[in-house]
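*Asks:* So here's upload04.cif, just mmCIF, C-alpha atoms:
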data_data
loop_
_atom_site.label_atom_id
_atom_site.label_comp_id
_atom_site.auth_asym_id
_atom_site.auth_seq_id
_atom_site.Cartn_x
_atom_site.Cartn_y
_atom_site.Cartn_z
CA MET A 1 -11.74 5.36 -21.69
CA ARG A 2 -12.29 1.74 -20.59
CA SER A 3 -12.04 0.74 -16.94
CA LYS A 4 -8.83 -1.10 -16.10
CA ILE A 5 -10.76 -3.20 -13.59
CA THR A 6 -13.87 -4.27 -15.49
CA GLY A 7 -13.18 -3.25 -19.09
CA GLY A 8 -16.46 -1.32 -18.96
CA ASP A 9 -17.36 2.35 -19.23
CA THR A 10 -15.81 5.16 -17.21
CA THR A 11 -16.85 8.74 -16.54
CA TYR A 12 -14.49 11.70 -16.88
CA LEU A 13 -13.86 13.33 -13.48
CA PHE A 14 -11.38 16.19 -13.86
CA THR A 15 -8.02 17.25 -15.26
CA ALA A 16 -5.07 17.96 -12.96
CA LYS A 17 -1.57 19.25 -13.56
CA ILE A 18 0.88 16.47 -12.67
CA MET A 19 4.45 17.29 -11.62
CA GLY A 20 3.70 20.92 -12.42
CA LYS A 21 3.75 20.28 -16.18
CA PHE A 22 1.43 17.50 -17.47
CA ASP A 23 -2.32 18.07 -17.85
CA VAL A 24 -3.72 14.64 -16.97
CA LYS A 25 -7.32 13.43 -17.18
CA TYR A 26 -8.84 11.27 -14.41
CA TYR A 27 -11.72 8.82 -14.93
CA ARG A 28 -14.03 6.83 -12.62
CA CYS A 29 -15.15 3.25 -13.35
CA ASN A 30 -18.95 3.28 -13.59
CA GLN A 31 -19.27 -0.18 -12.00
CA THR A 32 -16.74 -0.16 -9.16
CA GLY A 33 -15.82 3.50 -8.50
CA PHE A 34 -12.16 2.81 -9.29
CA ILE A 35 -10.35 6.02 -10.31
CA GLN A 36 -7.63 5.91 -12.96
CA THR A 37 -5.61 8.42 -14.92
CA GLU A 38 -5.38 8.45 -18.69
CA GLU A 39 -2.53 6.28 -20.01
CA ALA A 40 0.45 7.37 -17.93
CA TYR A 41 2.93 8.63 -20.51
CA TRP A 42 4.86 10.63 -17.87
CA LEU A 43 6.04 7.69 -15.73
CA ASP A 44 9.64 7.59 -17.01
CA GLU A 45 10.11 11.10 -15.69
CA ALA A 46 8.14 10.41 -12.49
CA TYR A 47 10.44 7.49 -11.65
CA THR A 48 13.78 9.19 -12.10
CA SER A 49 13.88 8.48 -8.34
CA ALA A 50 12.06 5.32 -7.22
CA ILE A 51 11.35 6.79 -3.75
CA THR A 52 9.91 10.30 -3.97
CA LYS A 53 11.03 13.29 -1.91
CA LEU A 54 7.53 13.47 -0.40
CA ASP A 55 7.73 9.97 1.09
CA VAL A 56 9.10 11.14 4.44
CA GLY A 57 6.77 8.66 6.14
CA LEU A 58 8.62 5.61 4.78
CA PRO A 59 10.49 4.66 8.02
CA TYR A 60 7.45 5.23 10.25
CA ARG A 61 5.20 3.28 7.87
CA ASN A 62 7.56 0.30 7.75
CA ILE A 63 7.97 0.17 11.53
CA ASN A 64 4.19 0.35 12.03
CA LEU A 65 3.53 -2.28 9.36
CA SER A 66 6.16 -4.65 10.75
CA ASP A 67 4.31 -4.63 14.09
CA ARG A 68 0.88 -5.19 12.51
CA VAL A 69 2.05 -7.84 10.06
CA SER A 70 3.99 -9.86 12.65
CA LYS A 71 0.84 -10.12 14.80
CA LEU A 72 -1.21 -11.24 11.80
CA LEU A 73 1.35 -13.87 10.78
CA LEU A 74 1.48 -15.32 14.28
CA LYS A 75 -2.32 -15.64 14.38
CA LYS A 76 -3.17 -16.91 10.91
CA PHE A 77 -0.12 -18.24 9.05
CA ASP A 78 2.86 -20.57 9.30
CA LYS A 79 5.39 -18.40 11.12
CA LYS A 80 8.19 -20.71 9.93
CA GLY A 81 7.28 -20.21 6.27
CA ILE A 82 9.09 -18.15 3.65
CA PHE A 83 7.70 -14.68 2.94
CA LEU A 84 8.32 -12.09 0.23
CA ASP A 85 8.02 -8.29 0.25
CA TYR A 86 7.11 -7.35 -3.33
CA ALA A 87 8.31 -3.96 -4.64
CA GLY A 88 9.99 -3.56 -1.27
CA GLY A 89 11.98 -0.39 -1.96
CA TYR A 90 15.18 -0.14 0.07
CA GLY A 91 14.50 -3.45 1.86
CA LEU A 92 13.70 -1.85 5.21
CA PHE A 93 10.52 -3.87 5.82
CA THR A 94 12.29 -7.13 5.01
CA ARG A 95 15.07 -6.27 7.44
CA LEU A 96 12.58 -5.39 10.20
CA MET A 97 10.64 -8.62 9.69
CA ARG A 98 13.80 -10.72 9.71
CA ASP A 99 14.78 -8.98 12.96
CA LYS A 100 11.46 -10.22 14.37
CA GLY A 101 12.25 -13.80 13.32
CA PHE A 102 10.24 -14.10 10.09
CA ASN A 103 12.04 -15.51 7.04
CA PHE A 104 11.32 -12.58 4.70
CA TYR A 105 12.90 -11.87 1.34
CA HIS A 106 12.81 -8.76 -0.84
CA THR A 107 12.27 -7.94 -4.48
CA ASP A 108 12.21 -4.61 -6.30
CA PRO A 109 13.83 -4.22 -9.75
CA TYR A 110 13.54 -0.41 -9.60
CA CYS A 111 15.15 0.31 -6.24
CA GLN A 112 18.43 -0.67 -4.60
CA ASN A 113 18.13 -3.19 -1.78
CA LEU A 114 20.08 -1.39 0.95
CA PHE A 115 18.85 -3.06 4.14
CA ALA A 116 18.25 -6.70 3.13
CA GLU A 117 21.17 -7.51 0.85
CA HIS A 118 21.65 -11.30 0.40
CA PHE A 119 17.97 -11.81 1.24
CA ASP A 120 16.60 -11.04 -2.18
CA LEU A 121 14.27 -13.05 -4.43
CA SER A 122 17.29 -13.70 -6.66
CA ASP A 123 18.99 -15.49 -3.73
CA LEU A 124 16.24 -18.14 -3.65
CA PRO A 125 15.69 -21.13 -5.96
CA LYS A 126 13.49 -20.40 -8.97
CA ASN A 127 9.78 -21.10 -8.54
CA THR A 128 9.94 -20.69 -4.75
CA ARG A 129 6.40 -20.51 -3.34
CA PHE A 130 5.76 -18.21 -0.42
CA GLU A 131 3.52 -18.55 2.60
CA LEU A 132 2.50 -14.92 2.03
CA VAL A 133 3.52 -11.99 -0.18
CA THR A 134 3.32 -8.39 1.00
CA ALA A 135 2.97 -5.38 -1.31
CA PHE A 136 2.85 -2.08 0.55
CA GLU A 137 2.07 1.18 -1.25
CA VAL A 138 2.22 -0.61 -4.61
CA PHE A 139 -1.35 -0.88 -5.97
CA GLU A 140 -1.71 2.86 -6.56
CA HIS A 141 1.34 2.73 -8.88
CA LEU A 142 0.01 0.00 -11.22
CA PRO A 143 -0.69 0.92 -14.88
CA ASP A 144 -2.37 -2.47 -15.46
CA PRO A 145 -3.78 -3.54 -12.06
CA ILE A 146 -5.42 -6.87 -12.93
CA THR A 147 -2.40 -8.25 -14.82
CA GLN A 148 0.13 -7.00 -12.29
CA ILE A 149 -1.82 -8.15 -9.22
CA ASN A 150 -2.28 -11.56 -10.82
CA LYS A 151 1.51 -11.71 -11.29
CA MET A 152 2.00 -11.15 -7.54
CA LEU A 153 -0.50 -13.91 -6.78
CA GLU A 154 1.52 -16.37 -8.87
CA LEU A 155 4.05 -16.29 -6.02
CA SER A 156 1.63 -17.15 -3.21
CA GLU A 157 -2.00 -17.93 -2.46
CA THR A 158 -2.07 -14.98 -0.05
CA LEU A 159 -1.31 -11.33 -0.78
CA LEU A 160 -1.26 -8.77 2.05
CA PHE A 161 -1.16 -5.23 0.71
CA SER A 162 -1.74 -1.61 1.56
CA THR A 163 -3.34 1.18 -0.38
CA GLU A 164 -5.40 4.06 1.01
CA LEU A 165 -9.08 3.69 0.17
CA GLN A 166 -11.01 6.58 -1.36
CA PRO A 167 -12.63 8.78 1.31
CA GLY A 168 -16.16 8.81 -0.10
CA LYS A 169 -17.14 9.94 -3.60
CA ILE A 170 -14.46 12.31 -4.81
CA GLU A 171 -15.32 15.04 -7.31
CA LYS A 172 -12.24 17.32 -7.13
CA ILE A 173 -8.50 16.66 -7.13
CA GLU A 174 -8.10 18.86 -4.03
CA GLU A 175 -10.32 16.55 -1.97
CA TRP A 176 -7.64 13.88 -1.49
CA SER A 177 -3.88 14.34 -1.01
CA TYR A 178 -3.30 10.68 -1.99
CA PHE A 179 -3.55 11.68 -5.65
CA SER A 180 0.01 12.97 -5.03
CA ILE A 181 0.07 15.15 -8.14
CA GLU A 182 3.52 16.52 -7.19
CA THR A 183 5.21 13.15 -7.78
CA GLY A 184 3.15 11.72 -10.66
CA GLN A 185 3.55 8.14 -9.44
CA HIS A 186 0.01 7.48 -8.14
CA ILE A 187 -2.23 6.55 -11.06
CA ALA A 188 -4.76 4.02 -9.66
CA PHE A 189 -7.16 4.58 -6.75
CA TYR A 190 -9.37 1.99 -5.08
CA ASN A 191 -12.35 1.59 -2.78
CA GLU A 192 -13.74 -1.56 -1.12
CA THR A 193 -16.02 -2.27 -4.10
CA THR A 194 -13.05 -2.12 -6.45
CA LEU A 195 -10.91 -4.49 -4.38
CA LYS A 196 -13.81 -6.94 -3.92
CA ALA A 197 -14.34 -6.92 -7.70
CA ILE A 198 -10.64 -7.70 -8.28
CA ALA A 199 -10.71 -10.53 -5.72
CA ASP A 200 -13.84 -12.02 -7.31
CA LYS A 201 -12.35 -11.76 -10.79
CA LEU A 202 -9.15 -13.56 -9.75
CA GLY A 203 -10.89 -16.10 -7.50
CA TYR A 204 -9.74 -14.92 -4.05
CA ASN A 205 -11.34 -14.11 -0.72
CA PHE A 206 -11.05 -10.45 0.30
CA TYR A 207 -10.59 -8.96 3.77
CA THR A 208 -9.88 -5.34 4.72
CA ASP A 209 -9.48 -3.01 7.68
CA GLY A 210 -11.64 -0.57 5.70
CA ILE A 211 -8.93 2.05 5.54
CA PHE A 212 -5.46 1.00 4.47
CA LEU A 213 -4.55 -2.68 4.92
CA HIS A 214 -6.10 -5.49 2.84
CA LEU A 215 -5.80 -9.21 2.13
CA PHE A 216 -6.43 -11.45 -0.89
CA THR A 217 -6.26 -15.14 0.01
CA LYS A 218 -7.43 -18.55 -1.17
CA THR A 219 -8.02 -19.44 2.49
CA ASN A 220 -11.58 -18.92 3.69
CA LEU A 221 -11.01 -17.35 7.11
CA GLU A 222 -13.65 -17.70 9.84
CA PHE A 223 -13.66 -13.95 10.47
CA ASN A 224 -11.98 -10.80 9.22
CA PRO A 225 -8.40 -10.97 10.59
CA PHE A 226 -8.31 -7.17 10.87
CA GLU A 227 -11.24 -7.10 13.31
CA PRO A 228 -10.08 -7.59 16.91
CA VAL A 229 -11.69 -10.21 19.14
CA ARG A 230 -13.86 -8.34 21.66
CA ASP A 231 -11.91 -9.31 24.81
CA LYS A 232 -8.62 -8.37 23.22
CA PHE A 233 -10.18 -5.18 21.97
CA LEU A 234 -11.24 -4.19 25.48
CA LEU A 235 -7.78 -5.03 26.85
CA ARG A 236 -6.19 -2.96 24.12
CA LYS A 237 -8.55 -0.08 24.94
CA ALA A 238 -7.52 -0.23 28.59
CA LYS A 239 -3.84 -0.21 27.65
CA LYS A 240 -4.40 2.78 25.37
CA TYR A 241 -6.18 4.63 28.18
CA ILE A 242 -3.29 4.02 30.58
CA ALA A 243 -0.78 5.10 27.93
CA LYS A 244 -2.84 8.25 27.30
CA ILE A 245 -2.72 9.18 30.99
CA GLU A 246 1.04 8.64 31.03
CA ARG A 247 1.49 10.81 27.93
CA GLN A 248 -0.59 13.59 29.46
CA SER A 249 1.55 13.62 32.60
CA ASN A 250 4.80 13.65 30.61
CA PRO A 251 3.96 14.63 27.01
CA ALA A 252 6.36 13.80 24.20
CA PRO A 253 6.98 16.38 21.47
CA ASP A 254 4.61 16.26 18.52
CA SER A 255 5.77 14.31 15.49
CA LEU A 256 7.33 16.40 12.74
CA LEU A 257 6.25 13.93 10.05
CA MET A 258 3.27 15.80 8.60
CA ARG A 259 4.94 19.19 9.10
CA ASP A 260 7.95 17.96 7.12
CA TRP A 261 5.66 16.49 4.44
CA GLN A 262 3.88 19.85 4.03
CA TYR A 263 7.22 21.71 4.00
CA ILE A 264 8.59 19.51 1.19
CA LYS A 265 5.28 19.68 -0.72
CA ASP A 266 5.38 23.49 -0.57
CA LYS A 267 8.99 23.54 -1.78
CA ILE A 268 8.09 21.30 -4.73
CA ASN A 269 5.14 23.54 -5.65
CA TRP A 270 6.98 26.85 -5.09
CA LYS A 271 7.51 29.01 -8.14
CA PRO A 272 9.67 32.16 -8.17
#
Any chance you could put this one into structure tokens?

*Replies:*
Amino acid sequence: MRSKITGGDTTYLFTAKIMGKFDVKYYRCNQTGFIQTEEAYWLDEAYTSAITKLDVGLPYRNINLSDRVSKLLLKKFDKKGIFLDYAGGYGLFTRLMRDKGFNFYHTDPYCQNLFAEHFDLSDLPKNTRFELVTAFEVFEHLPDPITQINKMLELSETLLFSTELQPGKIEKIEEWSYFSIETGQHIAFYNETTLKAIADKLGYNFYTDGIFLHLFTKTNLEFNPFEPVRDKFLLRKAKKYIAKIERQSNPAPDSLLMRDWQYIKDKINWKP
């Protein structure tokens, strides 16, 4: 199978049972380490619901991202510009960003816009250019990454996106829960080398936090916007230390997020 990033050779990794019924082969790009499935013939069934039952972290993720993104926009971009959340699901992120004062719009042809109605791409003039486009938890869903990423970049010279990077060199499906074999929607998996190769191929600068959040932009930034300035970093450390002491003296209950995720995962995998 040819790599969907370079067009070059891939190496077969393993076969996994997707959605409890499809035996699917996974391959690694020999040049970039990108991992892809065989051609995803099961996607119609996987997307009978655009948001999967396992995505219990959606509200938390959007709240966290809205905080991080607003800080980045204030530092590096025109805060009075027009922004677009691409494949934005229910529109929650767009609503949160508008609540913070940023002129965000939403687009997602596969999911109903519940929270940002009247602030959709279709409500804007055709050929609107955006200060920045966001695409969170999208890249891992792309059957044709280069073509589809290039389509996003037609809307703006800057694309801020999230996708979890591979944790080292994976050899078994069990080594990484992000494969999400229960849902069948994750079919493309990246590392820093992969994303740098995509940026180079499309003519963009690439910046990353090395874990989850990444940036393609035509702007040549002086330093990685995800790396904190030292003084601010020390101040943030001090604030975290104070908050830790306060939590220890009056601890809040542990989050149920991961417990709920495991509970739903077990229910999906349960067989009588």

*Asks:* Nearest to A:Pro225 among A:Ala16, A:Leu72, A:Val133, A:Leu121, with distances taken over all atoms listed in the file: which residue is it?

*Replies:*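 For A:Pro225, the nearest of the candidates is A:Leu72.
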
*Asks:* To test your reading of the syntax: which residues would the PyMOL selection byres ((chain A and resi 35) around 6) return for the file shown? Reply as an mmCIF file with C-alpha atoms, keeping the file's coordinate frame.

*Replies:*
data_model
loop_
_atom_site.group_PDB
_atom_site.id
_atom_site.type_symbol
_atom_site.label_atom_id
_atom_site.label_comp_id
_atom_site.auth_asym_id
_atom_site.auth_seq_id
_atom_site.Cartn_x
_atom_site.Cartn_y
_atom_site.Cartn_z
ATOM 1 C CA TYR A 27 -11.720 8.820 -14.930
ATOM 2 C CA ARG A 28 -14.030 6.830 -12.620
ATOM 3 C CA PHE A 34 -12.160 2.810 -9.290
ATOM 4 C CA GLN A 36 -7.630 5.910 -12.960
ATOM 5 C CA ALA A 188 -4.760 4.020 -9.660
ATOM 6 C CA PHE A 189 -7.160 4.580 -6.750
#

*Asks:* Would you list the residues near (-17.4, -4.7, -3.2) (no more than 12 Å away, in the coordinates of the file, using all atoms listed in the file) as a PyMOL selection string?

*Replies:* chain A and resi 31-34+190-201+205-208+210

*Asks:* Have a look at atom CA of A:Gly89 and atom CA of A:His186 and let me know their distance in Å, one decimal.

*Replies:* 15.6 Å

*Asks:* Evaluate the PyMOL selection byres ((chain A and resi 52) around 12) and record the selected residues as a list in words, following the chain and residue labels used in the document.

*Replies:*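 On the file shown, the PyMOL selection byres ((chain A and resi 52) around 12) covers Met19, Glu45, Ala46, Tyr47, Thr48, Ser49, Ala50, Ile51, Lys53, Leu54, Asp55, Val56, Gly57, Leu58, Gly89, Cys111, Ser180, Ile181, Glu182, Thr183, Gly184, Gln185, His186, Trp261, Ile264, Lys265 and Ile268 of chain A.
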
*Asks:* Which residues match the PyMOL selection byres ((chain A and resi 92-102) around 6) in the file above, as a PyMOL selection string?

*Replies:* chain A and resi 62+90-91+103-104+115-116

*Asks:* What does the distance between atom CA of A:Phe216 and atom CA of A:Leu159 come to in Å, to one decimal place?

*Replies:* 5.1 Å

*Asks:* Within 9 Å of A:Phe139, counting all atoms listed in the file, which residues show up once you throw out same-chain ones fewer than 2 positions away? Write them as a PyMOL selection string, please.

*Replies:* chain A and resi 135-137+141-142+145+148-149+161-163+186+188-190

*Asks:* Would you mind telling me which residue in A:Asn224, A:Thr37, A:Asn30, A:Thr217 lies nearest to A:Lys17 when using all atoms listed in the file?

*Replies:*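 Smallest separation from A:Lys17 among the options: A:Thr37.
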
*Asks:* May I have the residues within 7 Å of stretch 130-132 of chain A as a ChimeraX atom specification, using only C-alpha atoms and disregarding those fewer than 4 positions away in the same chain?

*Replies:* /A:81-84,155-156,158-159

*Asks:* Have a look at A:Lys151, A:His106, A:Lys75, A:Arg2 and name the one nearest to A:Thr134; count all atoms listed in the file.

*Replies:*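 Comparing A:Lys151, A:His106, A:Lys75, A:Arg2 against A:Thr134, the winner is A:His106.
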
*Asks:* Figure out the distance between atom CA of A:Leu73 and atom CA of A:Arg129, please, to one decimal in Å.

*Replies:*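 For atom CA of A:Arg129 relative to atom CA of A:Leu73, the distance reads 16.4 Å.
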
*Asks:* So, counting only C-alpha atoms, which residue among A:Pro59, A:Lys76, A:Thr147, A:Val69 is closest to A:Leu221?

*Replies:*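 When distances to A:Leu221 are compared using only C-alpha atoms, the smallest one comes from A:Lys76.
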
*Asks:* Please write out, as AutoDock Vina command-line options, where the centre of an axis-aligned box around all listed atoms of stretch 206-216 of chain A lies and how long its edges are, in Å to one decimal, after adding 5 Å on each side.

*Replies:*
--center_x -8.1 --center_y -4.7 --center_z 3.4 --size_x 17.1 --size_y 23.5 --size_z 18.6
